[in-house]
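> Input coords15.txt, format and content: compact mmCIF, C-alpha atoms (C1' of nucleotides).
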```
# COMPACT_ATOMS: atom_id res chain seq x y z
CA MET A 1 0.00 0.00 0.00
CA THR A 2 1.54 3.29 -1.10
CA PRO A 3 1.30 6.32 1.17
CA THR A 4 -1.45 7.84 -0.92
CA ASP A 5 -3.68 4.78 -0.88
CA THR A 6 -6.74 4.86 1.30
CA ASP A 7 -6.77 2.43 4.18
CA PRO A 8 -9.28 -0.20 3.03
CA GLN A 9 -9.87 -1.05 6.68
CA PHE A 10 -11.15 2.35 7.65
CA HIS A 11 -14.83 2.33 8.38
CA ARG A 12 -17.13 4.38 10.59
CA SER A 13 -17.91 1.42 12.77
CA ARG A 14 -14.21 0.95 13.56
CA SER A 15 -13.28 4.60 14.10
CA GLU A 16 -13.20 5.91 17.65
CA GLY A 17 -14.20 9.37 16.45
CA TYR A 18 -17.34 8.17 14.76
CA LEU A 19 -18.37 5.82 17.55
CA VAL A 20 -17.86 8.52 20.15
CA ASN A 21 -19.94 11.00 18.21
CA HIS A 22 -22.72 8.47 17.73
CA MET A 23 -22.72 7.46 21.41
CA ALA A 24 -22.74 11.10 22.50
CA ARG A 25 -25.80 11.84 20.35
CA LEU A 26 -27.65 8.88 21.81
CA PHE A 27 -26.73 9.91 25.35
CA ALA A 28 -27.84 13.47 24.67
CA ARG A 29 -31.21 12.35 23.32
CA ALA A 30 -31.80 10.05 26.29
CA ILE A 31 -30.78 12.61 28.91
CA GLN A 32 -32.85 15.28 27.20
CA ASP A 33 -35.88 13.01 27.45
CA GLY A 34 -35.32 12.65 31.19
CA ILE A 35 -34.62 16.23 32.19
CA LYS A 36 -36.72 18.23 29.76
CA PRO A 37 -39.78 17.80 32.03
CA LEU A 38 -37.71 19.53 34.73
CA GLY A 39 -36.92 22.49 32.50
CA LEU A 40 -33.31 21.38 32.02
CA SER A 41 -31.31 20.41 28.93
CA THR A 42 -27.97 18.93 27.98
CA GLY A 43 -26.40 22.39 27.93
CA THR A 44 -27.72 23.58 31.26
CA PHE A 45 -27.34 20.34 33.21
CA PRO A 46 -23.55 20.48 33.64
CA VAL A 47 -23.82 24.08 34.82
CA MET A 48 -26.47 23.02 37.33
CA LEU A 49 -24.20 20.23 38.61
CA ALA A 50 -21.40 22.72 39.17
CA LEU A 51 -23.73 25.17 40.93
CA TRP A 52 -25.46 22.55 43.09
CA GLU A 53 -21.97 21.78 44.33
CA LYS A 54 -21.06 25.40 44.96
CA GLU A 55 -22.96 28.57 44.09
CA GLY A 56 -21.53 32.01 43.56
CA ARG A 57 -19.05 30.99 40.91
CA THR A 58 -18.06 33.36 38.12
CA GLN A 59 -18.53 32.68 34.43
CA ARG A 60 -14.78 32.33 34.14
CA GLU A 61 -14.72 29.63 36.80
CA LEU A 62 -17.56 27.73 35.15
CA VAL A 63 -15.76 27.86 31.81
CA ALA A 64 -12.61 26.42 33.37
CA GLU A 65 -14.51 23.72 35.22
CA LEU A 66 -16.70 22.51 32.37
CA GLY A 67 -14.31 22.86 29.47
CA VAL A 68 -16.60 24.72 27.08
CA GLU A 69 -15.67 27.94 25.34
CA GLN A 70 -16.40 31.24 27.04
CA ALA A 71 -18.89 32.24 24.36
CA THR A 72 -20.78 28.98 24.80
CA MET A 73 -21.02 29.55 28.54
CA ALA A 74 -22.12 33.16 28.10
CA ASN A 75 -25.01 32.04 25.90
CA THR A 76 -25.95 29.15 28.16
CA LEU A 77 -26.03 31.41 31.23
CA ALA A 78 -28.14 33.94 29.35
CA ARG A 79 -30.71 31.24 28.56
CA MET A 80 -30.63 29.99 32.14
CA GLU A 81 -31.27 33.48 33.46
CA ARG A 82 -34.09 33.96 30.96
CA ASP A 83 -35.63 30.65 32.08
CA GLY A 84 -35.45 31.44 35.79
CA LEU A 85 -32.74 28.92 36.71
CA ILE A 86 -30.07 31.42 37.82
CA THR A 87 -29.60 35.00 38.91
CA ARG A 88 -26.39 37.00 38.70
CA ARG A 89 -24.97 39.44 41.24
CA ALA A 90 -22.28 42.03 40.82
CA HIS A 91 -18.89 41.21 42.27
CA ASP A 92 -17.78 43.29 45.28
CA ARG A 93 -14.46 44.52 44.02
CA ASP A 94 -14.43 43.87 40.26
CA ALA A 95 -17.12 45.45 38.10
CA ARG A 96 -16.32 43.12 35.20
CA VAL A 97 -17.31 40.05 37.15
CA GLN A 98 -20.69 38.64 38.09
CA THR A 99 -21.32 35.73 40.41
CA VAL A 100 -23.90 33.10 39.47
CA TRP A 101 -26.57 31.84 41.88
CA LEU A 102 -29.33 29.28 41.57
CA THR A 103 -32.94 30.29 42.03
CA GLU A 104 -34.80 28.48 44.77
CA GLN A 105 -36.75 26.62 42.11
CA ALA A 106 -33.51 25.44 40.47
CA ARG A 107 -32.16 24.15 43.78
CA GLN A 108 -35.16 21.83 44.02
CA LEU A 109 -34.24 20.09 40.78
CA GLN A 110 -31.05 18.46 42.02
CA ALA A 111 -32.45 15.12 43.13
CA PRO A 112 -34.79 14.41 40.20
CA ALA A 113 -32.24 15.59 37.62
CA ILE A 114 -29.46 13.44 39.01
CA GLN A 115 -31.81 10.50 39.15
CA ALA A 116 -32.73 10.99 35.50
CA ALA A 117 -29.05 11.11 34.54
CA GLN A 118 -28.29 7.98 36.50
CA GLU A 119 -31.11 6.14 34.80
CA VAL A 120 -29.56 6.92 31.43
CA ASN A 121 -26.14 5.78 32.66
CA ILE A 122 -27.71 2.52 33.81
CA ALA A 123 -29.52 2.02 30.52
CA ALA A 124 -26.35 2.71 28.54
CA THR A 125 -24.27 0.22 30.53
CA ARG A 126 -26.88 -2.51 30.68
CA GLY A 127 -25.22 -5.90 30.47
CA MET A 128 -21.86 -4.56 31.61
CA SER A 129 -20.22 -5.76 34.81
CA ALA A 130 -19.08 -3.22 37.37
CA ALA A 131 -15.53 -3.88 36.22
CA GLU A 132 -16.42 -3.26 32.58
CA ARG A 133 -18.18 -0.05 33.52
CA ALA A 134 -15.11 1.08 35.44
CA THR A 135 -12.90 0.17 32.49
CA LEU A 136 -15.09 2.17 30.13
CA MET A 137 -14.94 5.26 32.34
CA SER A 138 -11.20 4.87 32.82
CA LEU A 139 -10.50 4.55 29.08
CA ILE A 140 -12.75 7.50 28.29
CA THR A 141 -10.96 9.57 30.92
CA ARG A 142 -7.64 8.66 29.37
CA ALA A 143 -8.89 9.68 25.92
CA ILE A 144 -10.10 12.97 27.38
CA ASP A 145 -6.70 13.56 28.95
CA ASN A 146 -4.93 12.72 25.69
CA LEU A 147 -7.09 15.07 23.64
CA SER A 148 -6.93 17.83 26.22
CA GLU A 149 -3.16 17.97 25.97
CA SER A 150 -2.95 18.37 22.20
CA MET B 1 -30.40 7.31 52.44
CA THR B 2 -34.07 7.98 51.74
CA PRO B 3 -35.35 7.81 48.18
CA THR B 4 -35.45 11.59 47.89
CA ASP B 5 -31.88 12.16 49.01
CA THR B 6 -29.34 13.05 46.38
CA ASP B 7 -26.64 10.50 45.75
CA PRO B 8 -23.59 12.12 47.35
CA GLN B 9 -21.41 10.06 45.03
CA PHE B 10 -22.77 11.57 41.85
CA HIS B 11 -20.26 13.76 40.13
CA ARG B 12 -19.64 14.79 36.56
CA SER B 13 -16.30 13.02 36.48
CA ARG B 14 -17.98 9.72 37.39
CA SER B 15 -20.99 9.97 35.11
CA GLU B 16 -20.82 8.21 31.77
CA GLY B 17 -23.09 10.80 30.21
CA TYR B 18 -20.87 13.70 31.15
CA LEU B 19 -17.63 11.96 30.21
CA VAL B 20 -19.03 10.91 26.85
CA ASN B 21 -20.18 14.44 26.08
CA HIS B 22 -16.82 15.87 27.05
CA MET B 23 -14.90 13.32 25.00
CA ALA B 24 -17.15 13.90 22.00
CA ARG B 25 -16.53 17.64 22.11
CA LEU B 26 -12.78 17.10 22.25
CA PHE B 27 -12.92 14.64 19.35
CA ALA B 28 -15.03 17.06 17.32
CA ARG B 29 -12.60 19.92 17.89
CA ALA B 30 -9.62 17.79 16.93
CA ILE B 31 -11.22 16.33 13.81
CA GLN B 32 -12.46 19.75 12.76
CA ASP B 33 -8.88 21.03 12.95
CA GLY B 34 -7.74 18.25 10.63
CA ILE B 35 -10.44 18.33 7.98
CA LYS B 36 -11.41 22.00 7.85
CA PRO B 37 -8.48 22.70 5.45
CA LEU B 38 -10.10 20.14 3.12
CA GLY B 39 -13.46 21.93 3.20
CA LEU B 40 -15.02 19.24 5.41
CA SER B 41 -16.56 19.35 8.88
CA THR B 42 -17.83 17.01 11.56
CA GLY B 43 -21.30 17.07 10.03
CA THR B 44 -20.27 16.40 6.46
CA PHE B 45 -17.52 13.85 7.15
CA PRO B 46 -19.80 10.90 7.99
CA VAL B 47 -21.84 11.59 4.86
CA MET B 48 -18.65 11.62 2.82
CA LEU B 49 -17.59 8.28 4.31
CA ALA B 50 -20.92 6.75 3.32
CA LEU B 51 -20.69 8.18 -0.20
CA TRP B 52 -17.04 7.23 -0.74
CA GLU B 53 -18.19 3.70 -0.04
CA LYS B 54 -21.16 3.89 -2.40
CA GLU B 55 -22.59 6.84 -4.30
CA GLY B 56 -26.12 7.28 -5.52
CA ARG B 57 -27.76 6.76 -2.17
CA THR B 58 -30.97 8.52 -1.27
CA GLN B 59 -31.41 10.86 1.68
CA ARG B 60 -33.54 8.22 3.32
CA GLU B 61 -30.74 5.66 3.04
CA LEU B 62 -28.19 8.08 4.46
CA VAL B 63 -30.48 8.85 7.39
CA ALA B 64 -30.85 5.15 8.17
CA GLU B 65 -27.13 4.51 7.82
CA LEU B 66 -25.85 7.40 9.91
CA GLY B 67 -28.52 7.56 12.58
CA VAL B 68 -29.26 11.26 12.45
CA GLU B 69 -32.72 12.73 12.07
CA GLN B 70 -34.09 13.32 8.61
CA ALA B 71 -34.18 17.08 9.11
CA THR B 72 -30.54 17.10 10.15
CA MET B 73 -29.56 15.20 7.02
CA ALA B 74 -31.65 17.46 4.78
CA ASN B 75 -29.80 20.50 6.12
CA THR B 76 -26.39 18.85 5.92
CA LEU B 77 -26.97 17.80 2.31
CA ALA B 78 -28.13 21.31 1.45
CA ARG B 79 -24.87 22.74 2.81
CA MET B 80 -22.84 20.09 1.00
CA GLU B 81 -24.55 20.93 -2.27
CA ARG B 82 -23.99 24.64 -1.68
CA ASP B 83 -20.30 23.97 -1.00
CA GLY B 84 -19.76 21.84 -4.10
CA LEU B 85 -19.30 18.49 -2.37
CA ILE B 86 -22.35 16.73 -3.80
CA THR B 87 -24.89 16.92 -6.60
CA ARG B 88 -28.36 15.41 -6.58
CA ARG B 89 -30.15 13.69 -9.45
CA ALA B 90 -33.80 12.87 -9.85
CA HIS B 91 -34.81 9.28 -9.31
CA ASP B 92 -36.04 7.40 -12.38
CA ARG B 93 -39.38 6.20 -11.13
CA ASP B 94 -40.14 8.24 -7.98
CA ALA B 95 -40.32 12.01 -8.22
CA ARG B 96 -40.07 12.39 -4.45
CA VAL B 97 -36.61 10.85 -4.34
CA GLN B 98 -33.21 12.23 -5.27
CA THR B 99 -29.96 10.29 -5.40
CA VAL B 100 -26.80 11.84 -3.99
CA TRP B 101 -23.47 11.88 -5.84
CA LEU B 102 -20.04 13.21 -4.97
CA THR B 103 -18.42 15.87 -7.11
CA GLU B 104 -15.08 14.95 -8.62
CA GLN B 105 -13.43 17.35 -6.21
CA ALA B 106 -15.08 15.61 -3.25
CA ARG B 107 -13.87 12.21 -4.41
CA GLN B 108 -10.28 13.45 -4.17
CA LEU B 109 -10.65 14.16 -0.46
CA GLN B 110 -11.03 10.56 0.66
CA ALA B 111 -7.38 9.77 1.42
CA PRO B 112 -6.41 12.98 3.21
CA ALA B 113 -9.64 13.12 5.21
CA ILE B 114 -9.35 9.54 6.40
CA GLN B 115 -5.74 10.16 7.30
CA ALA B 116 -6.73 13.20 9.38
CA ALA B 117 -9.38 11.17 11.19
CA GLN B 118 -6.93 8.37 11.90
CA GLU B 119 -4.43 10.82 13.34
CA VAL B 120 -7.04 12.00 15.82
CA ASN B 121 -7.91 8.40 16.73
CA ILE B 122 -4.22 7.75 17.35
CA ALA B 123 -3.83 10.86 19.47
CA ALA B 124 -6.91 10.01 21.51
CA THR B 125 -5.74 6.48 22.23
CA ARG B 126 -2.12 7.35 22.93
CA GLY B 127 -0.76 5.14 25.68
CA MET B 128 -3.41 2.47 25.15
CA SER B 129 -2.50 -1.05 24.07
CA ALA B 130 -4.19 -2.58 21.05
CA ALA B 131 -6.26 -4.66 23.45
CA GLU B 132 -7.36 -1.60 25.43
CA ARG B 133 -8.28 0.17 22.24
CA ALA B 134 -10.35 -2.82 21.15
CA THR B 135 -12.00 -2.93 24.57
CA LEU B 136 -12.88 0.75 24.35
CA MET B 137 -14.48 0.33 20.94
CA SER B 138 -16.33 -2.77 22.03
CA LEU B 139 -17.74 -1.13 25.17
CA ILE B 140 -18.75 1.97 23.22
CA THR B 141 -20.47 -0.22 20.65
CA ARG B 142 -22.37 -1.99 23.42
CA ALA B 143 -23.46 1.35 24.89
CA ILE B 144 -24.62 2.45 21.44
CA ASP B 145 -26.61 -0.75 21.06
CA ASN B 146 -28.15 -0.33 24.52
CA LEU B 147 -29.19 3.25 23.88
CA SER B 148 -30.44 2.51 20.37
CA GLU B 149 -32.92 -0.01 21.70
CA SER B 150 -34.58 2.22 24.26
C1' DC C 1 -61.02 5.92 -9.52
C1' DA C 2 -61.54 9.25 -5.60
C1' DA C 3 -60.21 9.73 -1.00
C1' DA C 4 -57.27 8.47 2.57
C1' DT C 5 -52.86 7.13 4.01
C1' DA C 6 -48.00 6.71 3.64
C1' DT C 7 -43.53 8.22 2.19
C1' DA C 8 -39.61 11.49 0.83
C1' DT C 9 -37.98 15.70 1.49
C1' DA C 10 -38.02 20.57 2.97
C1' DT C 11 -38.70 24.25 6.22
C1' DA C 12 -39.28 26.74 10.70
C1' DG C 13 -37.48 27.49 14.92
C1' DC C 14 -34.66 26.43 18.84
C1' DA C 15 -30.34 24.75 21.65
C1' DA C 16 -25.59 24.21 22.04
C1' DG C 17 -21.31 24.15 20.24
C1' DC C 18 -17.53 26.78 17.83
C1' DT C 19 -14.33 31.02 16.20
C1' DA C 20 -13.69 35.80 15.93
C1' DT C 21 -14.61 40.26 17.45
C1' DT C 22 -16.23 43.91 20.62
C1' DT C 23 -16.79 46.31 24.98
C1' DA C 24 -15.73 47.60 29.49
C1' DA C 25 -13.00 47.47 33.45
C1' DA C 26 -8.61 46.43 35.85
C1' DA C 27 -3.79 46.07 36.08
C1' DA C 28 0.73 46.99 34.52
C1' DT C 29 4.08 50.06 32.74
C1' DG C 30 6.85 53.95 30.58
C1' DC D 1 -0.59 59.43 35.79
C1' DA D 2 -1.55 58.52 30.98
C1' DT D 3 -1.10 54.77 27.98
C1' DT D 4 -0.87 50.06 27.01
C1' DT D 5 -2.00 45.49 28.00
C1' DT D 6 -4.77 42.12 30.12
C1' DT D 7 -8.98 40.19 31.62
C1' DA D 8 -14.21 39.27 31.93
C1' DA D 9 -18.05 39.05 29.54
C1' DA D 10 -21.04 39.92 25.51
C1' DT D 11 -22.14 39.69 20.71
C1' DA D 12 -22.09 38.27 15.75
C1' DG D 13 -22.32 34.66 12.79
C1' DC D 14 -21.78 30.00 11.60
C1' DT D 15 -22.66 24.53 11.98
C1' DT D 16 -24.90 20.61 13.75
C1' DG D 17 -28.23 18.65 16.22
C1' DC D 18 -33.17 18.33 17.60
C1' DT D 19 -38.70 18.46 17.23
C1' DA D 20 -42.63 19.74 14.79
C1' DT D 21 -44.82 20.86 10.71
C1' DA D 22 -45.51 21.50 5.71
C1' DT D 23 -45.47 19.95 0.90
C1' DA D 24 -45.46 16.98 -2.80
C1' DT D 25 -45.77 12.55 -4.72
C1' DA D 26 -46.91 7.48 -4.33
C1' DT D 27 -49.67 3.96 -2.72
C1' DT D 28 -53.61 1.83 -0.74
C1' DT D 29 -58.32 1.22 -0.14
C1' DG D 30 -63.48 1.80 0.00
```
Can you turn what I pasted into structure tokens?


Amino acid sequence: MTPTDTDPQFHRSRSEGYLVNHMARLFARAIQDGIKPLGLSTGTFPVMLALWEKEGRTQRELVAELGVEQATMANTLARMERDGLITRRAHDRDARVQTVWLTEQARQLQAPAIQAAQEVNIAATRGMSAAERATLMSLITRAIDNLSES
Amino acid sequence: MTPTDTDPQFHRSRSEGYLVNHMARLFARAIQDGIKPLGLSTGTFPVMLALWEKEGRTQRELVAELGVEQATMANTLARMERDGLITRRAHDRDARVQTVWLTEQARQLQAPAIQAAQEVNIAATRGMSAAERATLMSLITRAIDNLSES
DNA sequence: CAAATATATATAGCAAGCTATTTAAAAATG
DNA sequence: CATTTTTAAATAGCTTGCTATATATATTTG
């Protein structure tokens, strides 16, 4: 096979990139089904998780923690504010910064939202042993680390 | 722990759904970097793979093969036609149907695009043995199958 | 064969991601 | 201290995904 030949073995079903994309779309659809009744979505859910853990974070901190671009976070927070999930307060000493707080209504969603997410995780790993599930998470984490470096 | 308590163990970094979403975004960024110079993108690349394998498919066939919604495929094909990657021809016997064909220019992209995708797969699996890589793909495939059923 | 149903595709409208650019405030520096 | 640089957030504009609906053509059926 010369360098310019196309690998005859290459196929979607054997490419990590394709499989990952496909799996992610299926996860997103399933999670959406579970949390939409709560007024949440795949974009807002990770922000909620971060805020349930600790409120009063800045946009900058959320960007660093969740690994999305700043513009993506700015838009997501704007939708969350519009939909009554968060409020923002001015920072004491830095007028550029706002801190992000959950509304009381949003705080109530923690338990049902996490339950919905766990149900999807269970459905996705049906038939896998605990060890296989741990292996899957470990290998995914390693892929994330690899791709985060480059 | 009562049924309404929140699982104190639940965290993004231990949730398949979150990890999968994060990994998929990193893959998408990396692949985009590699194929954007070729005029391709994460949305068009899977369609190209299907058409490099066999041209003349219908939109309906592409939808079934790639597992995206019909509306998503309609929009993707419209962009691909606009960008000179595909042309569409009327079906002989059914006026509702069009068949999809690659432009000559698009046919030339197969080798470099596949190479770019493979480089990302290699980067993502750096440090993994062949067996680990096979395990990862197998577990992902099982998750896809699980989520496709429900 | 006319009416009803099914199928193939397109369109509208939204969310969530991205890059690139803008705006405003803070911090650093000549 | 005035200017430059840096930082925080917003905005513009695009793609890719979704659901829901519309449109046009086949197909089925009373």

> Once chain A has been least-squares superposed onto chain B, matching all their Cα atoms in order, can you return it as a tab-separated table (two decimals) with C-alpha atoms, in the frame of the given file?


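Written out: out_5.tsv:
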```tsv
chain	number	residue	atom	x	y	z
A	1	MET	CA	-30.36	7.34	52.49
A	2	THR	CA	-34.04	8.00	51.80
A	3	PRO	CA	-35.34	7.82	48.24
A	4	THR	CA	-35.44	11.59	47.94
A	5	ASP	CA	-31.86	12.14	49.03
A	6	THR	CA	-29.34	13.06	46.40
A	7	ASP	CA	-26.62	10.52	45.77
A	8	PRO	CA	-23.57	12.14	47.37
A	9	GLN	CA	-21.40	10.08	45.04
A	10	PHE	CA	-22.76	11.56	41.87
A	11	HIS	CA	-20.26	13.77	40.14
A	12	ARG	CA	-19.62	14.78	36.55
A	13	SER	CA	-16.29	13.03	36.50
A	14	ARG	CA	-17.95	9.72	37.42
A	15	SER	CA	-20.98	9.95	35.12
A	16	GLU	CA	-20.81	8.19	31.78
A	17	GLY	CA	-23.09	10.80	30.23
A	18	TYR	CA	-20.86	13.68	31.16
A	19	LEU	CA	-17.63	11.95	30.22
A	20	VAL	CA	-19.04	10.92	26.86
A	21	ASN	CA	-20.20	14.43	26.09
A	22	HIS	CA	-16.83	15.87	27.06
A	23	MET	CA	-14.90	13.31	25.00
A	24	ALA	CA	-17.16	13.89	22.00
A	25	ARG	CA	-16.53	17.64	22.12
A	26	LEU	CA	-12.79	17.10	22.24
A	27	PHE	CA	-12.93	14.64	19.35
A	28	ALA	CA	-15.05	17.05	17.32
A	29	ARG	CA	-12.63	19.93	17.88
A	30	ALA	CA	-9.64	17.78	16.92
A	31	ILE	CA	-11.25	16.32	13.80
A	32	GLN	CA	-12.47	19.75	12.76
A	33	ASP	CA	-8.91	21.02	12.96
A	34	GLY	CA	-7.77	18.23	10.64
A	35	ILE	CA	-10.45	18.33	7.98
A	36	LYS	CA	-11.41	21.99	7.85
A	37	PRO	CA	-8.49	22.68	5.46
A	38	LEU	CA	-10.12	20.13	3.13
A	39	GLY	CA	-13.47	21.91	3.22
A	40	LEU	CA	-15.02	19.22	5.42
A	41	SER	CA	-16.55	19.32	8.90
A	42	THR	CA	-17.83	16.98	11.58
A	43	GLY	CA	-21.30	17.04	10.03
A	44	THR	CA	-20.27	16.38	6.46
A	45	PHE	CA	-17.53	13.84	7.13
A	46	PRO	CA	-19.80	10.89	7.97
A	47	VAL	CA	-21.85	11.58	4.85
A	48	MET	CA	-18.65	11.62	2.80
A	49	LEU	CA	-17.60	8.27	4.30
A	50	ALA	CA	-20.92	6.75	3.30
A	51	LEU	CA	-20.70	8.19	-0.22
A	52	TRP	CA	-17.04	7.25	-0.77
A	53	GLU	CA	-18.21	3.72	-0.06
A	54	LYS	CA	-21.17	3.90	-2.41
A	55	GLU	CA	-22.59	6.86	-4.32
A	56	GLY	CA	-26.12	7.31	-5.54
A	57	ARG	CA	-27.76	6.78	-2.19
A	58	THR	CA	-30.98	8.55	-1.27
A	59	GLN	CA	-31.41	10.89	1.66
A	60	ARG	CA	-33.54	8.24	3.31
A	61	GLU	CA	-30.76	5.68	3.03
A	62	LEU	CA	-28.19	8.09	4.45
A	63	VAL	CA	-30.48	8.86	7.39
A	64	ALA	CA	-30.85	5.15	8.15
A	65	GLU	CA	-27.14	4.50	7.82
A	66	LEU	CA	-25.86	7.40	9.91
A	67	GLY	CA	-28.52	7.54	12.58
A	68	VAL	CA	-29.24	11.27	12.45
A	69	GLU	CA	-32.70	12.73	12.07
A	70	GLN	CA	-34.08	13.34	8.60
A	71	ALA	CA	-34.16	17.09	9.13
A	72	THR	CA	-30.51	17.10	10.16
A	73	MET	CA	-29.56	15.20	7.02
A	74	ALA	CA	-31.64	17.47	4.80
A	75	ASN	CA	-29.78	20.51	6.13
A	76	THR	CA	-26.38	18.85	5.93
A	77	LEU	CA	-26.96	17.81	2.30
A	78	ALA	CA	-28.12	21.32	1.45
A	79	ARG	CA	-24.86	22.75	2.82
A	80	MET	CA	-22.84	20.11	1.00
A	81	GLU	CA	-24.53	20.94	-2.28
A	82	ARG	CA	-23.98	24.65	-1.68
A	83	ASP	CA	-20.28	23.97	-0.99
A	84	GLY	CA	-19.75	21.87	-4.10
A	85	LEU	CA	-19.28	18.51	-2.36
A	86	ILE	CA	-22.36	16.75	-3.81
A	87	THR	CA	-24.87	16.95	-6.61
A	88	ARG	CA	-28.34	15.44	-6.62
A	89	ARG	CA	-30.14	13.70	-9.48
A	90	ALA	CA	-33.79	12.88	-9.86
A	91	HIS	CA	-34.79	9.28	-9.31
A	92	ASP	CA	-35.99	7.36	-12.39
A	93	ARG	CA	-39.31	6.14	-11.13
A	94	ASP	CA	-40.09	8.17	-8.00
A	95	ALA	CA	-40.29	11.95	-8.26
A	96	ARG	CA	-40.05	12.34	-4.49
A	97	VAL	CA	-36.59	10.85	-4.37
A	98	GLN	CA	-33.20	12.24	-5.30
A	99	THR	CA	-29.96	10.31	-5.44
A	100	VAL	CA	-26.79	11.86	-4.01
A	101	TRP	CA	-23.47	11.91	-5.87
A	102	LEU	CA	-20.04	13.23	-5.00
A	103	THR	CA	-18.41	15.89	-7.12
A	104	GLU	CA	-15.08	14.97	-8.63
A	105	GLN	CA	-13.41	17.36	-6.21
A	106	ALA	CA	-15.07	15.62	-3.24
A	107	ARG	CA	-13.89	12.21	-4.43
A	108	GLN	CA	-10.30	13.45	-4.18
A	109	LEU	CA	-10.67	14.16	-0.47
A	110	GLN	CA	-11.03	10.56	0.66
A	111	ALA	CA	-7.40	9.77	1.41
A	112	PRO	CA	-6.42	12.99	3.20
A	113	ALA	CA	-9.67	13.11	5.20
A	114	ILE	CA	-9.36	9.54	6.40
A	115	GLN	CA	-5.76	10.16	7.31
A	116	ALA	CA	-6.74	13.20	9.36
A	117	ALA	CA	-9.39	11.16	11.19
A	118	GLN	CA	-6.95	8.38	11.90
A	119	GLU	CA	-4.46	10.82	13.33
A	120	VAL	CA	-7.06	12.00	15.81
A	121	ASN	CA	-7.93	8.41	16.73
A	122	ILE	CA	-4.24	7.75	17.35
A	123	ALA	CA	-3.85	10.88	19.45
A	124	ALA	CA	-6.93	10.02	21.51
A	125	THR	CA	-5.75	6.47	22.25
A	126	ARG	CA	-2.14	7.35	22.93
A	127	GLY	CA	-0.77	5.14	25.68
A	128	MET	CA	-3.41	2.47	25.14
A	129	SER	CA	-2.50	-1.05	24.08
A	130	ALA	CA	-4.20	-2.57	21.05
A	131	ALA	CA	-6.26	-4.65	23.45
A	132	GLU	CA	-7.35	-1.60	25.43
A	133	ARG	CA	-8.29	0.18	22.23
A	134	ALA	CA	-10.35	-2.82	21.15
A	135	THR	CA	-12.01	-2.94	24.57
A	136	LEU	CA	-12.89	0.75	24.36
A	137	MET	CA	-14.49	0.34	20.93
A	138	SER	CA	-16.33	-2.78	22.04
A	139	LEU	CA	-17.75	-1.13	25.18
A	140	ILE	CA	-18.76	1.96	23.24
A	141	THR	CA	-20.49	-0.22	20.66
A	142	ARG	CA	-22.36	-1.99	23.42
A	143	ALA	CA	-23.47	1.34	24.90
A	144	ILE	CA	-24.63	2.44	21.46
A	145	ASP	CA	-26.61	-0.77	21.07
A	146	ASN	CA	-28.15	-0.35	24.52
A	147	LEU	CA	-29.20	3.24	23.89
A	148	SER	CA	-30.45	2.49	20.40
A	149	GLU	CA	-32.93	-0.04	21.73
A	150	SER	CA	-34.58	2.23	24.29
```

> Which value, in Å to one decimal, gives the distance between C1' of DT16 (chain D) and C1' of DA8 (chain C)?

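Calculated distance between C1' of DT16 (chain D) and C1' of DA8 (chain C) is 21.6 Å.
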
> I need the chain A residues near chain C as a tab-separated table (two decimals) with C-alpha atoms, keeping the file's coordinate frame; criterion: at most 7 Å, counting only C-alpha atoms (C1' of nucleotides).


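The result, stored in selection-v2.tsv:
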```tsv
chain	number	residue	atom	x	y	z
A	43	GLY	CA	-26.40	22.39	27.93
A	72	THR	CA	-20.78	28.98	24.80
A	95	ALA	CA	-17.12	45.45	38.10
A	96	ARG	CA	-16.32	43.12	35.20
```

> CA of Arg57 (chain B) to C1' of DT28 (chain D): how many Å, to one decimal?

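About the pair CA of Arg57 (chain B) and C1' of DT28 (chain D): they are 26.4 Å apart.
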
> For chain A, which residues have at least one atom within 12 Å of chain D, if we go by all atoms listed in the file? Write them as an mmCIF file with C-alpha atoms, in the frame of the given file, please.


```
data_model
loop_
_atom_site.group_PDB
_atom_site.id
_atom_site.type_symbol
_atom_site.label_atom_id
_atom_site.label_comp_id
_atom_site.auth_asym_id
_atom_site.auth_seq_id
_atom_site.Cartn_x
_atom_site.Cartn_y
_atom_site.Cartn_z
ATOM 1 C CA ASN A 21 -19.940 11.000 18.210
ATOM 2 C CA HIS A 22 -22.720 8.470 17.730
ATOM 3 C CA ALA A 24 -22.740 11.100 22.500
ATOM 4 C CA ARG A 25 -25.800 11.840 20.350
ATOM 5 C CA LEU A 26 -27.650 8.880 21.810
ATOM 6 C CA ALA A 28 -27.840 13.470 24.670
ATOM 7 C CA ARG A 29 -31.210 12.350 23.320
ATOM 8 C CA GLN A 32 -32.850 15.280 27.200
ATOM 9 C CA ASP A 33 -35.880 13.010 27.450
ATOM 10 C CA SER A 41 -31.310 20.410 28.930
ATOM 11 C CA THR A 42 -27.970 18.930 27.980
ATOM 12 C CA THR A 58 -18.060 33.360 38.120
ATOM 13 C CA GLN A 59 -18.530 32.680 34.430
ATOM 14 C CA ARG A 60 -14.780 32.330 34.140
ATOM 15 C CA GLU A 61 -14.720 29.630 36.800
ATOM 16 C CA VAL A 63 -15.760 27.860 31.810
ATOM 17 C CA GLN A 70 -16.400 31.240 27.040
ATOM 18 C CA ALA A 71 -18.890 32.240 24.360
ATOM 19 C CA THR A 72 -20.780 28.980 24.800
ATOM 20 C CA MET A 73 -21.020 29.550 28.540
ATOM 21 C CA ALA A 74 -22.120 33.160 28.100
ATOM 22 C CA ASN A 75 -25.010 32.040 25.900
ATOM 23 C CA LEU A 77 -26.030 31.410 31.230
ATOM 24 C CA ALA A 78 -28.140 33.940 29.350
ATOM 25 C CA HIS A 91 -18.890 41.210 42.270
ATOM 26 C CA ASP A 94 -14.430 43.870 40.260
ATOM 27 C CA ALA A 95 -17.120 45.450 38.100
ATOM 28 C CA ARG A 96 -16.320 43.120 35.200
ATOM 29 C CA VAL A 97 -17.310 40.050 37.150
ATOM 30 C CA GLN A 98 -20.690 38.640 38.090
ATOM 31 C CA THR A 99 -21.320 35.730 40.410
#
```
